[in-house]
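Asker: Input structure: start-v9.pdb, which contains PDB, C-alpha atoms.
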```
MODEL        1
ATOM      1  CA  ALA A   1     184.139  75.531 100.320  1.00  0.00           C
ATOM      2  CA  ALA A   2     185.954  78.178  98.319  1.00  0.00           C
ATOM      3  CA  ALA A   3     185.930  78.114  94.542  1.00  0.00           C
ATOM      4  CA  ALA A   4     189.190  77.238  92.862  1.00  0.00           C
ATOM      5  CA  VAL A   5     190.856  80.090  91.022  1.00  0.00           C
ATOM      6  CA  VAL A   6     192.877  79.260  87.945  1.00  0.00           C
ATOM      7  CA  VAL A   7     195.857  81.577  87.489  1.00  0.00           C
ATOM      8  CA  VAL A   8     197.161  81.932  83.959  1.00  0.00           C
ATOM      9  CA  PRO A   9     200.761  83.209  83.719  1.00  0.00           C
ATOM     10  CA  GLY A  10     200.834  86.745  82.328  1.00  0.00           C
ATOM     11  CA  ALA A  11     197.085  87.285  82.767  1.00  0.00           C
ATOM     12  CA  ALA A  12     195.527  89.794  85.122  1.00  0.00           C
ATOM     13  CA  PRO A  13     194.269  88.289  88.356  1.00  0.00           C
ATOM     14  CA  PRO A  14     190.488  87.872  88.588  1.00  0.00           C
ATOM     15  CA  PRO A  15     188.560  90.591  90.445  1.00  0.00           C
ATOM     16  CA  PRO A  16     187.667  89.761  94.036  1.00  0.00           C
ATOM     17  CA  GLN A  17     184.179  88.250  94.500  1.00  0.00           C
ATOM     18  CA  GLN A  18     181.686  90.648  96.017  1.00  0.00           C
ATOM     19  CA  PRO A  19     178.823  89.301  98.110  1.00  0.00           C
ATOM     20  CA  ILE A  20     175.428  89.671  96.499  1.00  0.00           C
ATOM     21  CA  ILE A  21     173.120  91.800  98.621  1.00  0.00           C
ATOM     22  CA  VAL A  22     169.497  91.035  97.857  1.00  0.00           C
ATOM     23  CA  SER A  23     167.927  93.790  99.889  1.00  0.00           C
ATOM     24  CA  ASN A  24     168.650  95.823 102.954  1.00  0.00           C
ATOM     25  CA  SER A  25     166.047  94.804 105.511  1.00  0.00           C
ATOM     26  CA  ASN A  26     166.360  98.158 107.273  1.00  0.00           C
ATOM     27  CA  THR A  27     165.038 100.233 104.372  1.00  0.00           C
ATOM     28  CA  PRO A  28     161.472 101.581 104.428  1.00  0.00           C
ATOM     29  CA  GLU A  29     160.844 100.044 100.982  1.00  0.00           C
ATOM     30  CA  PHE A  30     161.712  96.572 102.226  1.00  0.00           C
ATOM     31  CA  LYS A  31     159.538  96.966 105.309  1.00  0.00           C
ATOM     32  CA  ALA A  32     156.629  98.153 103.132  1.00  0.00           C
ATOM     33  CA  GLN A  33     157.020  95.127 100.839  1.00  0.00           C
ATOM     34  CA  VAL A  34     157.042  92.778 103.819  1.00  0.00           C
ATOM     35  CA  LEU A  35     153.875  94.424 105.141  1.00  0.00           C
ATOM     36  CA  VAL A  36     152.136  94.036 101.773  1.00  0.00           C
ATOM     37  CA  GLY A  37     153.191  90.398 101.494  1.00  0.00           C
ATOM     38  CA  THR A  38     152.058  89.654 105.028  1.00  0.00           C
ATOM     39  CA  THR A  39     148.664  91.260 104.427  1.00  0.00           C
ATOM     40  CA  LEU A  40     148.081  89.333 101.183  1.00  0.00           C
ATOM     41  CA  LEU A  41     149.130  86.057 102.805  1.00  0.00           C
ATOM     42  CA  GLN A  42     146.860  86.641 105.813  1.00  0.00           C
ATOM     43  CA  ASN A  43     143.960  87.356 103.450  1.00  0.00           C
ATOM     44  CA  LEU A  44     144.661  84.170 101.495  1.00  0.00           C
ATOM     45  CA  ILE A  45     144.872  82.055 104.657  1.00  0.00           C
ATOM     46  CA  ARG A  46     141.569  83.501 105.886  1.00  0.00           C
ATOM     47  CA  ALA A  47     139.931  82.680 102.548  1.00  0.00           C
ATOM     48  CA  LEU A  48     141.357  79.145 102.512  1.00  0.00           C
ATOM     49  CA  ASN A  49     140.090  78.543 106.042  1.00  0.00           C
ATOM     50  CA  SER A  50     136.690  79.860 105.014  1.00  0.00           C
ATOM     51  CA  ALA A  51     136.508  77.447 102.099  1.00  0.00           C
ATOM     52  CA  SER A  52     137.832  74.433 103.998  1.00  0.00           C
ATOM     53  CA  SER A  53     136.310  74.791 107.456  1.00  0.00           C
ATOM     54  CA  HIS A  54     132.585  75.002 107.898  1.00  0.00           C
ATOM     55  CA  ASN A  55     131.935  74.027 111.527  1.00  0.00           C
ATOM     56  CA  ASN A  56     130.799  70.597 110.384  1.00  0.00           C
ATOM     57  CA  THR A  57     129.292  68.621 113.249  1.00  0.00           C
ATOM     58  CA  ASN A  58     127.712  65.799 111.252  1.00  0.00           C
ATOM     59  CA  GLY A  59     130.934  64.070 110.177  1.00  0.00           C
ATOM     60  CA  GLY A  60     130.897  62.018 106.976  1.00  0.00           C
ATOM     61  CA  SER A  61     128.093  62.318 104.461  1.00  0.00           C
ATOM     62  CA  CYS A  62     125.964  59.357 105.610  1.00  0.00           C
ATOM     63  CA  SER A  63     127.734  57.404 108.304  1.00  0.00           C
ATOM     64  CA  GLY A  64     128.221  60.045 110.965  1.00  0.00           C
ATOM     65  CA  GLY A  65     131.955  59.271 110.859  1.00  0.00           C
ATOM     66  CA  PRO A  66     134.920  61.555 110.273  1.00  0.00           C
ATOM     67  CA  PRO A  67     134.742  64.059 107.402  1.00  0.00           C
ATOM     68  CA  ASN A  68     135.595  62.832 103.930  1.00  0.00           C
ATOM     69  CA  PRO A  69     138.550  65.016 102.841  1.00  0.00           C
ATOM     70  CA  LYS A  70     137.731  64.709  99.132  1.00  0.00           C
ATOM     71  CA  ARG A  71     134.675  66.969  99.036  1.00  0.00           C
ATOM     72  CA  PRO A  72     134.366  70.617 100.023  1.00  0.00           C
ATOM     73  CA  LYS A  73     131.412  71.628 102.145  1.00  0.00           C
ATOM     74  CA  ILE A  74     129.572  74.508 100.556  1.00  0.00           C
ATOM     75  CA  GLU A  75     126.745  75.983 102.585  1.00  0.00           C
ATOM     76  CA  ASN A  76     123.842  77.489 100.680  1.00  0.00           C
ATOM     77  CA  ASN A  77     122.185  79.182 103.632  1.00  0.00           C
ATOM     78  CA  ASN A  78     123.264  82.557 104.953  1.00  0.00           C
ATOM     79  CA  ASN A  79     123.806  81.765 108.616  1.00  0.00           C
ATOM     80  CA  SER A  80     126.996  83.111 110.127  1.00  0.00           C
ATOM     81  CA  LYS A  81     128.044  79.761 111.595  1.00  0.00           C
ATOM     82  CA  GLY A  82     129.235  78.162 108.340  1.00  0.00           C
ATOM     83  CA  LYS A  83     129.710  80.550 105.447  1.00  0.00           C
ATOM     84  CA  GLY A  84     131.384  78.098 103.091  1.00  0.00           C
ATOM     85  CA  ASP A  85     133.390  79.771 100.348  1.00  0.00           C
ATOM     86  CA  ALA A  86     132.805  83.345 101.563  1.00  0.00           C
ATOM     87  CA  TYR A  87     135.640  84.796  99.461  1.00  0.00           C
ATOM     88  CA  GLN A  88     134.757  82.965  96.220  1.00  0.00           C
ATOM     89  CA  ILE A  89     138.093  81.175  95.837  1.00  0.00           C
ATOM     90  CA  LEU A  90     136.757  77.841  94.561  1.00  0.00           C
ATOM     91  CA  ASP A  91     135.825  77.501  90.922  1.00  0.00           C
ATOM     92  CA  PRO A  92     132.223  76.329  90.433  1.00  0.00           C
ATOM     93  CA  SER A  93     133.135  72.815  89.266  1.00  0.00           C
ATOM     94  CA  PHE A  94     135.366  72.310  92.306  1.00  0.00           C
ATOM     95  CA  ALA A  95     132.876  73.849  94.719  1.00  0.00           C
ATOM     96  CA  LYS A  96     130.059  71.555  93.603  1.00  0.00           C
ATOM     97  CA  SER A  97     132.015  68.309  93.292  1.00  0.00           C
ATOM     98  CA  GLY A  98     129.824  65.372  94.196  1.00  0.00           C
ATOM     99  CA  GLY A  99     126.650  67.267  94.964  1.00  0.00           C
ATOM    100  CA  VAL A 100     126.587  66.322  98.659  1.00  0.00           C
ATOM    101  CA  ALA A 101     128.352  69.068 100.564  1.00  0.00           C
ATOM    102  CA  SER A 102     128.857  67.655 104.002  1.00  0.00           C
ATOM    103  CA  SER A 103     132.598  67.268 104.406  1.00  0.00           C
ATOM    104  CA  GLU A 104     135.681  69.372 104.799  1.00  0.00           C
ATOM    105  CA  LEU A 105     138.539  69.744 102.360  1.00  0.00           C
ATOM    106  CA  SER A 106     142.120  70.351 103.392  1.00  0.00           C
ATOM    107  CA  THR A 107     143.622  73.771 102.829  1.00  0.00           C
ATOM    108  CA  GLY A 108     146.493  72.326 100.786  1.00  0.00           C
ATOM    109  CA  ALA A 109     144.094  70.491  98.470  1.00  0.00           C
ATOM    110  CA  ILE A 110     142.208  73.709  97.839  1.00  0.00           C
ATOM    111  CA  LEU A 111     145.378  75.741  97.260  1.00  0.00           C
ATOM    112  CA  SER A 112     146.785  73.283  94.741  1.00  0.00           C
ATOM    113  CA  ARG A 113     143.591  73.353  92.642  1.00  0.00           C
ATOM    114  CA  MET A 114     142.758  77.055  92.793  1.00  0.00           C
ATOM    115  CA  THR A 115     142.361  79.108  89.646  1.00  0.00           C
ATOM    116  CA  LEU A 116     144.020  82.490  89.150  1.00  0.00           C
ATOM    117  CA  GLY A 117     140.694  84.195  89.872  1.00  0.00           C
ATOM    118  CA  GLY A 118     140.364  82.281  93.120  1.00  0.00           C
ATOM    119  CA  LEU A 119     143.833  83.366  94.221  1.00  0.00           C
ATOM    120  CA  VAL A 120     143.057  86.989  93.381  1.00  0.00           C
ATOM    121  CA  ASN A 121     139.839  86.810  95.412  1.00  0.00           C
ATOM    122  CA  GLY A 122     141.661  85.207  98.325  1.00  0.00           C
ATOM    123  CA  MET A 123     144.518  87.713  98.321  1.00  0.00           C
ATOM    124  CA  ALA A 124     142.095  90.634  97.992  1.00  0.00           C
ATOM    125  CA  GLY A 125     140.391  89.624 101.218  1.00  0.00           C
ATOM    126  CA  ILE A 126     136.915  90.853 100.244  1.00  0.00           C
ATOM    127  CA  GLU A 127     133.922  88.626 100.891  1.00  0.00           C
ATOM    128  CA  ASN A 128     132.175  87.518  97.685  1.00  0.00           C
ATOM    129  CA  GLY A 129     135.376  88.257  95.751  1.00  0.00           C
ATOM    130  CA  VAL A 130     136.450  90.939  93.305  1.00  0.00           C
ATOM    131  CA  VAL A 131     136.939  88.887  90.120  1.00  0.00           C
ATOM    132  CA  ASP A 132     135.263  85.930  88.441  1.00  0.00           C
ATOM    133  CA  THR A 133     137.010  82.751  89.597  1.00  0.00           C
ATOM    134  CA  ILE A 134     137.203  81.299  86.085  1.00  0.00           C
ATOM    135  CA  THR A 135     137.906  84.302  83.840  1.00  0.00           C
ATOM    136  CA  CYS A 136     139.586  86.655  86.357  1.00  0.00           C
ATOM    137  CA  ILE A 137     137.453  89.501  84.998  1.00  0.00           C
ATOM    138  CA  PRO A 138     136.326  92.049  87.621  1.00  0.00           C
ATOM    139  CA  LEU A 139     132.879  91.124  88.952  1.00  0.00           C
ATOM    140  CA  LYS A 140     131.601  94.609  88.131  1.00  0.00           C
ATOM    141  CA  CYS A 141     132.080  93.746  84.443  1.00  0.00           C
ATOM    142  CA  VAL A 142     130.607  90.228  84.564  1.00  0.00           C
ATOM    143  CA  GLY A 143     126.949  89.790  83.715  1.00  0.00           C
ATOM    144  CA  ASN A 144     126.493  92.895  81.567  1.00  0.00           C
ATOM    145  CA  GLU A 145     125.501  91.183  78.314  1.00  0.00           C
ATOM    146  CA  ASN A 146     123.938  94.421  77.056  1.00  0.00           C
ATOM    147  CA  MET A 147     127.346  96.113  76.787  1.00  0.00           C
ATOM    148  CA  ASP A 148     129.381  96.023  73.612  1.00  0.00           C
ATOM    149  CA  GLU A 149     132.899  94.549  73.714  1.00  0.00           C
ATOM    150  CA  LYS A 150     134.680  97.913  73.566  1.00  0.00           C
ATOM    151  CA  THR A 151     132.767  99.227  76.593  1.00  0.00           C
ATOM    152  CA  LYS A 152     133.429  95.991  78.498  1.00  0.00           C
ATOM    153  CA  LYS A 153     137.131  96.267  77.743  1.00  0.00           C
ATOM    154  CA  ASN A 154     137.262  99.913  78.869  1.00  0.00           C
ATOM    155  CA  ASP A 155     135.357  99.083  82.068  1.00  0.00           C
ATOM    156  CA  THR A 156     137.697  96.172  82.788  1.00  0.00           C
ATOM    157  CA  VAL A 157     140.731  98.445  82.449  1.00  0.00           C
ATOM    158  CA  LYS A 158     139.050 101.023  84.703  1.00  0.00           C
ATOM    159  CA  TYR A 159     138.208  98.470  87.414  1.00  0.00           C
ATOM    160  CA  MET A 160     141.710  96.977  87.290  1.00  0.00           C
ATOM    161  CA  GLU A 161     142.983 100.397  88.410  1.00  0.00           C
ATOM    162  CA  GLU A 162     140.790 100.425  91.535  1.00  0.00           C
ATOM    163  CA  VAL A 163     142.552 100.310  94.890  1.00  0.00           C
ATOM    164  CA  ILE A 164     141.658  97.423  97.191  1.00  0.00           C
ATOM    165  CA  GLY A 165     141.945  98.630 100.764  1.00  0.00           C
ATOM    166  CA  THR A 166     141.980  95.131 102.275  1.00  0.00           C
ATOM    167  CA  ALA A 167     144.906  94.162 100.025  1.00  0.00           C
ATOM    168  CA  ALA A 168     147.307  96.658 101.620  1.00  0.00           C
ATOM    169  CA  GLY A 169     146.069  99.412  99.303  1.00  0.00           C
ATOM    170  CA  LEU A 170     147.222  97.704  96.097  1.00  0.00           C
ATOM    171  CA  LYS A 171     145.451  98.203  92.788  1.00  0.00           C
ATOM    172  CA  LEU A 172     143.512  95.200  91.512  1.00  0.00           C
ATOM    173  CA  MET A 173     145.972  94.863  88.615  1.00  0.00           C
ATOM    174  CA  ASP A 174     148.850  94.525  91.134  1.00  0.00           C
ATOM    175  CA  VAL A 175     146.981  91.859  93.103  1.00  0.00           C
ATOM    176  CA  VAL A 176     146.393  89.977  89.828  1.00  0.00           C
ATOM    177  CA  ARG A 177     150.103  90.266  88.975  1.00  0.00           C
ATOM    178  CA  MET A 178     151.155  88.902  92.376  1.00  0.00           C
ATOM    179  CA  ALA A 179     148.542  86.156  92.260  1.00  0.00           C
ATOM    180  CA  ARG A 180     149.780  85.153  88.793  1.00  0.00           C
ATOM    181  CA  GLY A 181     153.331  84.713  90.108  1.00  0.00           C
ATOM    182  CA  PHE A 182     152.087  82.762  93.123  1.00  0.00           C
ATOM    183  CA  HIS A 183     149.882  80.603  90.872  1.00  0.00           C
ATOM    184  CA  ARG A 184     152.904  79.724  88.710  1.00  0.00           C
ATOM    185  CA  SER A 185     154.894  78.812  91.815  1.00  0.00           C
ATOM    186  CA  VAL A 186     152.154  76.555  93.162  1.00  0.00           C
ATOM    187  CA  GLY A 187     151.720  74.958  89.734  1.00  0.00           C
ATOM    188  CA  ALA A 188     155.449  74.241  89.477  1.00  0.00           C
ATOM    189  CA  ARG A 189     155.433  72.176  92.668  1.00  0.00           C
TER
ENDMDL
END
```
Produce structure tokens that represent the structure in this file.
Answerer:
Amino acid sequence: AAAAVVVVPGAAPPPPQQPIIVSNSNTPEFKAQVLVGTTLLQNLIRALNSASSHNNTNGGSCSGGPPNPKRPKIENNNNSKGKGDAYQILDPSFAKSGGVASSELSTGAILSRMTLGGLVNGMAGIENGVVDTITCIPLKCVGNENMDEKTKKNDTVKYMEEVIGTAAGLKLMDVVRMARGFHRSVGAR
């Protein structure tokens, strides 16, 4: 349906409408952006699968029935069969909900409740994560209570500049920026 054009006598005709071109998909820049986005999304999907699927063979917590989709299964042992939240995407209160960790949680349920730090860890694609899931502070800066605040701040800025090879070579600060936008989009659902 074409838009109606109102013609006023004596007035200049309106300029012709030009199509809006978002991006040329043949440019190297566009292809690089698609590659980065694909890599980050693959990392996030891998992390979500890690947190939601744990090779559970016991079924429900007591009955031996189907898994209860309301509780995540978090494995505390280090066997390779069921790593649990290997990428540290679940915040501690979510990861320990209910105490009994014998069921699976759907990927969508995890995604909708993830913190910014969890998204950053998932997109980074590094086991054990790169930032604290609650505060989104680089893990290299967490736990150093002996440091003064100025040193902590300087170290945080330094670590935010580090390149993450598994995140398509982006700096940590860029992964945080992209995760923040994605987090807003998921929250606006």
Asker: So which one's closest to Gly125 of chain A, A:Ser185, A:Thr38, A:Ser112, A:Asn43? Using all atoms listed in the file, please.
Answerer: A:Asn43
Asker: For the file shown, report as a list in words the outcome of the PyMOL selection byres ((chain A and resi 173) around 12) at residue level.
Answerer: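 For this structure, the PyMOL selection byres ((chain A and resi 173) around 12) captures Gly117, Val120, Ala124, Val130, Val131, Cys136, Ile137, Pro138, Thr156, Val157, Lys158, Tyr159, Met160, Glu161, Glu162, Val163, Ile164, Ala167, Gly169, Leu170, Lys171, Leu172, Asp174, Val175, Val176, Arg177, Met178, Ala179 and Arg180 of chain A.
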Asker: Considering all atoms listed in the file, can you say which of A:Ile134, A:Leu105, A:Ala168, A:Lys152 comes closest to Gly37 of chain A?
Answerer: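 Result for the nearest residue to Gly37 of chain A: A:Ala168.
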Asker: When you draw a straight line from atom CA of Thr133 of chain A to atom CA of Gly118 of chain A, how long is it in Å?
Answerer: 4.9 Å
Asker: If I take atom CA of Asn24 of chain A and atom CA of Ala188 of chain A, how far is one from the other in Å, to one decimal?
Answerer: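 Atom-to-atom, atom CA of Asn24 of chain A to atom CA of Ala188 of chain A, that is 28.7 Å.
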Asker: Between A:Ile126, A:Met114, A:Ala109, A:Ile45, which one has atoms that come closest to Ile89 of chain A, using all atoms listed in the file?
Answerer: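 Among the listed residues, the smallest separation from Ile89 of chain A belongs to A:Met114.
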